[in-house]
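Peer 1: There's a structure below that I have some questions on.
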Amino acid sequence: MSGLGLDLGLAVAHHILVFGLAIMLAMELAYLRADRPPVSRLAGVDAGYGMTSLLIIAVGVCRVLWGAKGWAAYETNPFFWAKVGTFAIMGLCSIAPTIAFLRWRKAFRADAAFAPEAVEVAKVTRWVRIELLLLFPLVGFAAAMARY
């Protein structure tokens with residue numbers, strides 16, 4: 001694959017993965033709104049969210065190393081670092097929901113009548129909303145980064 005074709009392929013993959021990430025966060029919010037959140041589905045979507053996040057990082061690293069611009073274009077770009085930082089914050093925000101979903105799934109497997117407490121669902125929902133809201137500056141930083 002030529003350098004331009006590789007760069008385009010990586011860019012497309014990167015964008016599709018970010019859209020997938022947004023969809024998974026929206027799915028988590030939708031499931032959390034249910035009277036009785038489907039904990040197994042939440043845990044599954046969250047696992048997909050984690051895998052997609054890792055793929056975003058992997059494809060992003062490939063873009064930086066082998067994309068058309070190369071490392072030199074990114075290392076001094078403040079919007080690149082703001083984007084990386086925002087993504088890292090999203091990752092940190094995802095820890096509490098992931099732990100909750102795993103705990104809920106374990107409790108559900110032990111007792112099919114298990115339902116998480118409303119207070120805990122509200123806390124997890126706040127974290128997921130923060131993650132989703134952080135996508136907005138992330139996309140803004142990506143757009144600014146491309147024009148820097």
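Labels used: A, B, ... for chains in the order of the structure tokens, numbers from 1 for residues in each chain, and numbers from 1 for ligands as shown.
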Find the residues of range 36-77 of chain A that sit at most 6 Å from range 6-24 of chain A; for each, write down the nearest two atoms and how far apart they are in Å, to one decimal. Count only C-alpha atoms. Sort by chain, then by number going up, and give it as JSON lines.

Peer 2:
{"residue": "A:Tyr49", "atom": "CA", "partner": "A:Leu21", "partner_atom": "CA", "distance": 5.9}
{"residue": "A:Ile56", "atom": "CA", "partner": "A:His14", "partner_atom": "CA", "distance": 6.0}
{"residue": "A:Gly67", "atom": "CA", "partner": "A:Asp7", "partner_atom": "CA", "distance": 4.6}
{"residue": "A:Ala68", "atom": "CA", "partner": "A:Asp7", "partner_atom": "CA", "distance": 5.7}

Peer 1: Include N, CA, C and O atoms and write out the residues we just selected as an mmCIF file, in the first residue's frame.

Peer 2:
data_model
loop_
_atom_site.group_PDB
_atom_site.id
_atom_site.type_symbol
_atom_site.label_atom_id
_atom_site.label_comp_id
_atom_site.auth_asym_id
_atom_site.auth_seq_id
_atom_site.Cartn_x
_atom_site.Cartn_y
_atom_site.Cartn_z
ATOM 1 N N TYR A 49 -16.359 -1.137 24.403
ATOM 2 C CA TYR A 49 -15.847 0.224 24.548
ATOM 3 C C TYR A 49 -14.345 0.188 24.872
ATOM 4 O O TYR A 49 -13.562 0.918 24.271
ATOM 5 N N ILE A 56 -8.328 2.420 19.007
ATOM 6 C CA ILE A 56 -8.141 3.835 18.664
ATOM 7 C C ILE A 56 -6.711 4.249 18.962
ATOM 8 O O ILE A 56 -6.066 4.931 18.152
ATOM 9 N N GLY A 67 1.873 7.586 9.177
ATOM 10 C CA GLY A 67 0.982 8.421 8.381
ATOM 11 C C GLY A 67 1.762 9.451 7.580
ATOM 12 O O GLY A 67 2.983 9.598 7.723
ATOM 13 N N ALA A 68 1.054 10.178 6.747
ATOM 14 C CA ALA A 68 1.682 11.139 5.832
ATOM 15 C C ALA A 68 2.433 12.246 6.565
ATOM 16 O O ALA A 68 3.470 12.708 6.093
#

Peer 1: Set the distance at 12 Å and use only C-alpha atoms: which residues neighbour Lys106 in chain A once local chain neighbours fewer than 6 positions away are removed? I'd like the list as a list in words.

Peer 2: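 What passes the distance filter is Val39, Ser40, Ala43, Ile99, Ala100, Ala112, Phe114, Ala115 and Pro116 of chain A.
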
Peer 1: Could you write out, as a PyMOL selection string, all the residues of chain A that DSSP marks as alpha helix (DSSP H)?

Peer 2: chain A and resi 3-32+39-66+71-75+78-93+95-110+118-147

Peer 1: Taking 6 positions as the minimum chain separation for residues in the same chain, which residues sit within 12 Å of range 85-98 of chain A when counting only C-alpha atoms? Answer as a VMD selection string.

Peer 2: chain A and resid 18 21 to 22 25 28 to 29 32 39 to 40 42 to 54 56 to 57 60 78 to 79 104 to 105 120 to 142

Peer 1: Considering only C-alpha atoms, return as a count of residues only whatever protein or nucleic-acid residues lie within 12 Å of Lys69 in chain A, sequence-local ones (same chain, fewer than 2 positions apart) excluded.

Peer 2: 21

Peer 1: For the atom pair CA of Ala118 in chain A and CA of Arg33 in chain A, what is the interatomic distance in Å to one decimal place?

Peer 2: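 Answer for the CA of Ala118 in chain A to CA of Arg33 in chain A separation: 10.2 Å.
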